[in-house]
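Raw contents of coords06.txt, compact mmCIF, C-alpha atoms:
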```txt
# COMPACT_ATOMS: atom_id res chain seq x y z
CA MET N 10 0.00 0.00 0.00
CA THR N 11 1.39 3.40 -0.99
CA PRO N 12 1.93 6.26 1.49
CA ASN N 13 -0.91 8.11 -0.25
CA GLU N 14 -3.26 5.22 0.38
CA ILE N 15 -2.19 5.08 4.02
CA GLU N 16 -2.99 8.77 4.29
CA ALA N 17 -6.37 8.18 2.63
CA LEU N 18 -7.05 5.44 5.15
CA ARG N 19 -6.09 7.69 8.03
CA ALA N 20 -8.44 10.41 6.76
CA PHE N 21 -11.17 7.81 6.33
CA TYR N 22 -10.74 6.70 9.93
CA VAL N 23 -10.87 10.27 11.24
CA ASP N 24 -14.11 10.88 9.31
CA ASN N 25 -15.73 7.56 10.18
CA ARG N 26 -14.43 6.49 13.58
CA GLN N 27 -17.65 7.32 15.41
CA PRO N 28 -20.03 5.79 12.82
CA LEU N 29 -17.93 2.63 12.58
CA TYR N 30 -17.65 2.28 16.34
CA THR N 31 -21.37 2.93 16.84
CA TYR N 32 -22.24 0.33 14.25
CA ALA N 33 -19.89 -2.24 15.77
CA LEU N 34 -21.19 -1.47 19.27
CA SER N 35 -24.79 -1.89 18.15
CA ILE N 36 -23.90 -5.46 17.17
CA THR N 37 -21.45 -6.49 19.89
CA ARG N 38 -23.05 -4.55 22.78
CA ASN N 39 -19.58 -4.62 24.28
CA ARG N 40 -17.35 -1.57 23.97
CA GLU N 41 -14.06 -3.45 24.00
CA ALA N 42 -15.26 -5.97 21.42
CA ALA N 43 -16.52 -3.13 19.22
CA GLU N 44 -13.13 -1.43 19.32
CA ASP N 45 -11.39 -4.73 18.58
CA ALA N 46 -13.66 -5.24 15.57
CA VAL N 47 -12.89 -1.78 14.15
CA ALA N 48 -9.15 -2.04 14.84
CA GLY N 49 -9.00 -5.53 13.33
CA VAL N 50 -10.56 -4.31 10.11
CA PHE N 51 -7.97 -1.54 9.76
CA GLU N 52 -5.16 -3.98 10.52
CA ARG N 53 -6.37 -6.20 7.70
CA LEU N 54 -6.85 -3.21 5.40
CA VAL N 55 -3.25 -2.03 5.68
CA SER N 56 -1.98 -5.51 4.88
CA ARG N 57 -3.73 -5.36 1.49
CA ASP N 58 -1.83 -4.35 -1.62
CA THR N 59 -4.34 -1.66 -2.52
CA LEU N 60 -7.40 -0.06 -1.02
CA PRO N 61 -10.77 -1.32 -2.22
CA VAL N 62 -12.51 1.03 -4.65
CA ASP N 63 -15.73 1.17 -2.65
CA LEU N 64 -13.97 1.83 0.63
CA ARG N 65 -16.89 3.01 2.78
CA PRO N 66 -19.31 0.10 2.13
CA PHE N 67 -16.37 -2.30 2.18
CA VAL N 68 -15.20 -1.14 5.62
CA PHE N 69 -18.70 -1.08 7.08
CA ARG N 70 -19.30 -4.59 5.75
CA SER N 71 -16.00 -5.77 7.19
CA VAL N 72 -16.80 -4.19 10.56
CA ARG N 73 -20.19 -5.89 10.49
CA ASN N 74 -18.59 -9.29 9.90
CA ALA N 75 -15.92 -8.69 12.55
CA ALA N 76 -18.56 -7.54 15.05
CA TYR N 77 -20.70 -10.63 14.51
CA ASP N 78 -17.59 -12.78 14.90
CA ALA N 79 -16.81 -10.96 18.14
CA CYS N 80 -20.35 -11.63 19.38
CA ARG N 81 -19.63 -15.35 19.39
CA ARG N 82 -16.59 -14.82 21.60
CA THR N 83 -18.00 -12.09 23.86
CA LYS N 84 -19.80 -13.35 26.91
CA VAL N 85 -20.81 -10.03 28.49
CA ARG N 86 -22.96 -8.05 26.08
CA SER N 87 -24.71 -5.34 28.02
CA ASP N 88 -23.11 -2.07 26.89
CA SER N 89 -25.40 0.59 25.53
CA LEU N 90 -25.09 2.31 22.20
CA PHE N 91 -25.56 5.58 24.02
CA ALA N 92 -23.40 7.48 26.45
CA SER N 93 -24.26 6.97 30.09
CA ALA N 94 -25.48 9.88 32.25
CA ALA N 95 -22.04 10.04 33.85
CA GLU N 96 -20.40 10.49 30.46
CA ILE N 97 -22.60 13.37 29.36
CA SER N 98 -21.66 16.81 30.64
CA VAL N 99 -24.67 18.73 31.92
CA SER N 100 -24.14 21.72 29.61
CA ALA N 101 -23.97 19.51 26.54
CA ALA N 102 -27.04 17.54 27.38
CA PRO N 103 -30.19 19.05 25.96
CA ILE N 104 -31.60 15.58 25.92
CA GLY N 105 -31.14 12.80 28.42
CA PRO N 106 -29.11 9.63 28.14
CA GLY N 107 -30.40 6.97 25.85
CA GLU N 108 -31.04 4.08 28.22
CA ASP N 109 -34.77 4.12 27.41
CA LEU N 110 -34.09 4.27 23.69
CA GLU N 111 -31.56 1.46 23.96
CA VAL N 112 -34.21 -0.77 25.55
CA LEU N 113 -36.70 0.07 22.81
CA LEU N 114 -34.18 -0.45 20.05
CA ARG N 115 -33.52 -3.94 21.40
CA GLN N 116 -37.20 -4.74 20.90
CA LEU N 117 -36.98 -4.16 17.15
CA ALA N 118 -36.16 -6.86 14.66
CA PRO N 119 -32.37 -7.01 14.02
CA SER N 120 -32.81 -5.85 10.41
CA GLU N 121 -34.93 -2.85 11.50
CA ARG N 122 -32.54 -1.94 14.31
CA GLU N 123 -29.53 -2.19 12.04
CA ALA N 124 -31.15 0.00 9.39
CA ILE N 125 -31.95 2.65 11.99
CA VAL N 126 -28.49 2.57 13.56
CA LEU N 127 -26.80 2.83 10.17
CA ARG N 128 -29.09 5.58 8.89
CA ILE N 129 -29.51 7.71 12.02
CA TYR N 130 -26.32 7.11 14.00
CA SER N 131 -23.77 6.11 11.37
CA GLY N 132 -25.06 8.51 8.72
CA LEU N 133 -25.21 6.06 5.82
CA SER N 134 -27.69 6.62 3.04
CA LEU N 135 -30.30 3.97 2.36
CA ALA N 136 -28.48 3.16 -0.89
CA GLU N 137 -25.24 2.60 1.05
CA ILE N 138 -27.04 0.38 3.55
CA ALA N 139 -28.51 -1.60 0.64
CA GLU N 140 -25.02 -2.05 -0.80
CA LEU N 141 -23.65 -3.06 2.59
CA HIS N 142 -26.38 -5.66 3.07
CA GLN N 143 -26.36 -6.57 -0.60
CA ALA N 144 -30.13 -6.26 -0.50
CA PRO N 145 -32.56 -4.31 -2.73
CA LEU N 146 -33.07 -0.67 -1.79
CA PRO N 147 -36.86 -1.04 -1.29
CA THR N 148 -36.20 -3.82 1.23
CA ILE N 149 -33.85 -1.59 3.22
CA ALA N 150 -36.27 1.34 3.01
CA SER N 151 -39.00 -0.95 4.28
CA TRP N 152 -36.89 -2.13 7.25
CA TYR N 153 -36.03 1.46 8.09
CA ARG N 154 -39.58 2.85 7.85
CA ARG N 155 -41.09 -0.07 9.74
CA GLY N 156 -38.46 0.23 12.47
CA LEU N 157 -39.05 3.94 12.82
CA GLU N 158 -42.81 3.47 13.06
CA ARG N 159 -42.47 0.79 15.69
CA LEU N 160 -39.98 2.88 17.64
CA ARG N 161 -42.25 5.92 17.47
CA ALA N 162 -45.21 3.89 18.71
CA MET N 163 -43.18 2.41 21.57
CA LEU N 164 -41.89 5.83 22.63
CA LYS N 165 -45.44 7.26 22.62
CA LYS N 166 -46.54 4.43 24.84
CA GLU N 167 -43.60 5.09 27.18
CA LEU N 168 -44.53 8.79 27.46
CA MET J 23 -35.34 13.49 7.71
CA ASP J 24 -38.36 14.24 9.87
CA GLU J 25 -38.68 15.55 13.40
CA PHE J 26 -38.64 12.12 14.98
CA GLU J 27 -35.44 11.19 13.19
CA HIS J 28 -33.85 14.42 14.41
CA TYR J 29 -35.02 13.60 17.92
CA LEU J 30 -33.33 10.22 17.72
CA ARG J 31 -30.17 11.72 16.31
CA LYS J 32 -29.80 14.13 19.25
CA ARG J 33 -29.05 11.28 21.64
CA HIS J 34 -25.47 11.15 22.86
CA LEU J 35 -23.62 8.15 21.58
CA ALA J 36 -20.93 6.22 23.38
CA VAL J 37 -17.63 7.36 21.96
CA PRO J 38 -14.61 5.21 21.10
CA SER J 39 -11.73 5.39 23.53
CA VAL J 40 -8.35 6.99 22.98
CA ARG J 41 -6.95 3.48 23.05
CA LEU J 42 -8.66 2.72 19.73
CA ASP J 43 -7.23 5.88 18.15
CA ARG J 44 -3.74 4.93 19.32
CA ARG J 45 -4.17 1.41 18.04
CA ILE J 46 -5.27 2.61 14.61
CA GLU J 47 -2.48 5.17 14.50
CA SER J 48 0.16 2.57 15.33
CA THR J 49 -1.32 0.28 12.66
CA LEU J 50 -1.16 3.03 10.06
CA ALA J 51 2.29 4.17 11.17
CA ALA J 52 3.84 0.75 10.65
CA PRO J 53 1.71 -0.95 8.02
CA PRO J 54 2.43 -4.66 7.96
CA ALA J 55 2.17 -4.66 4.16
CA GLN J 56 5.45 -2.75 3.97
CA MET J 57 7.20 -5.09 6.35
CA GLN J 58 5.56 -8.27 5.21
CA PRO J 59 7.49 -8.93 1.98
CA ALA J 60 10.84 -9.17 3.78
CA ALA J 61 9.38 -11.17 6.64
CA SER J 62 7.41 -13.46 4.38
CA PHE J 63 10.38 -13.87 2.01
CA SER J 64 12.71 -14.93 4.82
CA SER J 65 10.13 -17.25 6.33
CA ALA J 66 9.34 -18.72 2.92
CA LEU J 67 13.06 -19.21 2.28
CA ALA J 68 13.44 -20.94 5.64
CA ARG J 69 10.46 -23.17 4.91
CA TRP J 70 11.76 -24.07 1.45
CA SER J 71 15.25 -24.80 2.82
CA LEU J 72 13.82 -27.00 5.53
CA GLY J 73 11.65 -28.83 3.01
CA ALA J 74 14.53 -29.33 0.60
CA GLY J 75 16.81 -30.58 3.40
CA MET J 76 14.21 -33.04 4.58
CA GLY J 77 13.66 -34.25 1.03
CA ILE J 78 17.38 -34.85 0.48
CA ALA J 79 17.70 -36.64 3.82
CA ALA J 80 14.74 -38.87 3.01
CA GLY J 81 16.24 -39.71 -0.39
CA VAL J 82 19.61 -40.65 1.11
CA ALA J 83 17.93 -42.75 3.78
CA LEU J 84 15.90 -44.61 1.16
CA LEU J 85 19.01 -45.28 -0.89
CA LEU J 86 20.85 -46.64 2.13
CA MET J 87 17.96 -48.79 3.25
CA SER J 88 17.08 -50.25 -0.15
CA PRO J 89 18.30 -53.90 -0.57
CA ARG J 90 21.24 -53.97 -2.93
CA LYS J 91 21.72 -56.99 -5.17
CA ALA J 92 24.95 -58.78 -4.83
CA GLU J 93 26.70 -58.95 -8.17
CA ASN J 94 27.55 -62.64 -7.84
CA GLU J 95 24.31 -63.68 -6.36
CA GLU J 96 23.39 -67.33 -6.98
CA PRO J 97 20.07 -67.89 -8.74
CA ILE J 98 17.36 -69.34 -6.61
CA VAL J 99 16.40 -72.83 -7.58
CA TYR J 100 12.96 -74.18 -6.92
CA ARG J 101 12.54 -77.89 -6.98
CA ILE J 102 8.96 -78.95 -7.36
CA GLU J 103 7.99 -82.52 -6.93
CA ALA J 104 4.40 -83.64 -7.24
CA SER J 105 3.28 -86.18 -4.71
CA SER J 106 0.09 -87.67 -6.14
CA GLN J 107 -1.51 -87.93 -9.62
CA LEU J 108 0.72 -85.23 -11.00
CA ARG J 109 3.73 -87.30 -10.07
CA LYS J 110 3.04 -89.65 -13.00
CA LEU J 111 2.83 -86.78 -15.43
CA LEU J 112 6.15 -85.41 -14.32
CA ILE J 113 7.94 -88.69 -14.89
CA SER J 114 9.72 -88.66 -18.19
CA PRO J 115 8.67 -91.40 -20.71
CA ARG J 116 12.33 -92.35 -20.99
CA SER J 117 12.50 -93.11 -17.39
CA ARG J 118 9.08 -94.80 -17.14
CA THR J 119 10.64 -97.57 -15.21
CA ALA J 120 12.26 -95.24 -12.81
CA SER J 121 10.58 -95.04 -9.52
CA GLN J 122 11.60 -91.49 -8.86
CA PRO J 123 10.14 -88.66 -10.96
CA LEU J 124 12.34 -86.10 -12.66
CA PRO J 125 12.43 -82.96 -10.64
CA PHE J 126 10.77 -79.90 -12.19
CA VAL J 127 13.40 -77.19 -11.84
CA VAL J 128 12.80 -73.49 -12.18
CA ARG J 129 15.77 -71.14 -12.13
CA SER J 130 15.08 -67.57 -11.30
CA GLN J 131 16.96 -64.42 -10.35
CA ASN J 132 13.77 -62.96 -8.99
CA PRO J 133 12.10 -64.99 -6.27
```
Can you dump the structure from the file as structure tokens?
Amino acid sequence: MTPNEIEALRAFYVDNRQPLYTYALSITRNREAAEDAVAGVFERLVSRDTLPVDLRPFVFRSVRNAAYDACRRTKVRSDSLFASAAEISVSAAPIGPGEDLEVLLRQLAPSEREAIVLRIYSGLSLAEIAELHQAPLPTIASWYRRGLERLRAMLKKEL
Amino acid sequence: MDEFEHYLRKRHLAVPSVRLDRRIESTLAAPPAQMQPAASFSSALARWSLGAGMGIAAGVALLLMSPRKAENEEPIVYRIEASSQLRKLLISPRSRTASQPLPFVVRSQNP
């Protein structure tokens, strides 16, 4: 891999560290395992001769696979996708911690939850999610819309 | 993106630790791809040398262990003598009166 490609990879990590980590954490539900999954993907990437052309979907797909692999090895899976109350500074907290949302997200079907996490919290477009899942775009849009509707209904009931 | 999606997005996410950043940085600072060719070449060379050495040793051992034919080795002689009905057939007509049958002799270098 050329120095330019290494630089491109570094820039990609800086831009995508939070989305990649959030996605991995949504699968592993273990912070350490999520970080291992992300780091492992980058370690494998730099050992390649060249970077893949479709880097973003490729890396997200690789993180997904690594996270599911980590799930099989991780016994304790109770970490939330959201920052805890202790981690949020009072001034920067217009909205509370996400424990309630975490519980509701867990009640969705895995496909719906994953579509929501990727769209809302990792910032992928529906087309990118479709490419990542290698599924038709209408299917992904359906998962996303259905998940949102269910989440909205559950939140209304909570309030 | 509607109001509900914005509401969801406002939630504070758990952030990756500094440890992950350091790990990625060290990976990118010393990419294994740049170091791998030398390492893999030397390990491949070692593996090939070991394989070749073992192959030569096995060949020599096989040569030493294989039975060598003595140059002046006597041929093996089989003497077959029938004991019943076949005995009569083996007796030569010239020696019909003979009580003993002619021996049926096979000479062979290869037992």
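CA of Arg44 in chain J to CA of Ala75 in chain N spans 19.5 Å [interatomic distance, one decimal].
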For CA of Leu90 in chain N and CA of Gln143 in chain N, the interatomic separation in Å (one decimal):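 Result for CA of Leu90 in chain N versus CA of Gln143 in chain N: 24.5 Å, one decimal.
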Give me, please, the distance in Å between CA of Ala95 in chain N and CA of Leu164 in chain N, quoted to one decimal.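 For CA of Ala95 in chain N relative to CA of Leu164 in chain N, the distance reads 23.2 Å.
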Compute the chain N side of the contact with chain J at 9 Å, counting only C-alpha atoms, and hand it back as a PyMOL selection string. chain N and resi 10-11+15-16+18-19+22-23+26-27+30-31+34+40+43-45+47-48+51-53+55-58+89-93+96-97+102-107+110+129-130+157+161
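Proximity of N:Ala118, N:Pro28, N:Arg81, N:Gly132 to Val68 in chain N, computed with only C-alpha atoms, is greatest for N:Pro28.
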Given all atoms listed in the file as the basis, pick out the residue of N:Ser35, N:Gln116, N:Ala42, N:Pro61 nearest to Arg82 in chain N. N:Ala42
Under the rule that only C-alpha atoms are counted, which of N:Asn25, N:Asp88, N:Pro66, N:Thr83 is the nearest residue to Ala139 in chain N?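 Of all the options, N:Pro66 lies closest to Ala139 in chain N.
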From the list N:Ala46, N:Arg70, N:Thr37, N:His142, which residue is nearest Ser87 in chain N when using all atoms listed in the file?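 Result for the nearest residue to Ser87 in chain N: N:Thr37.
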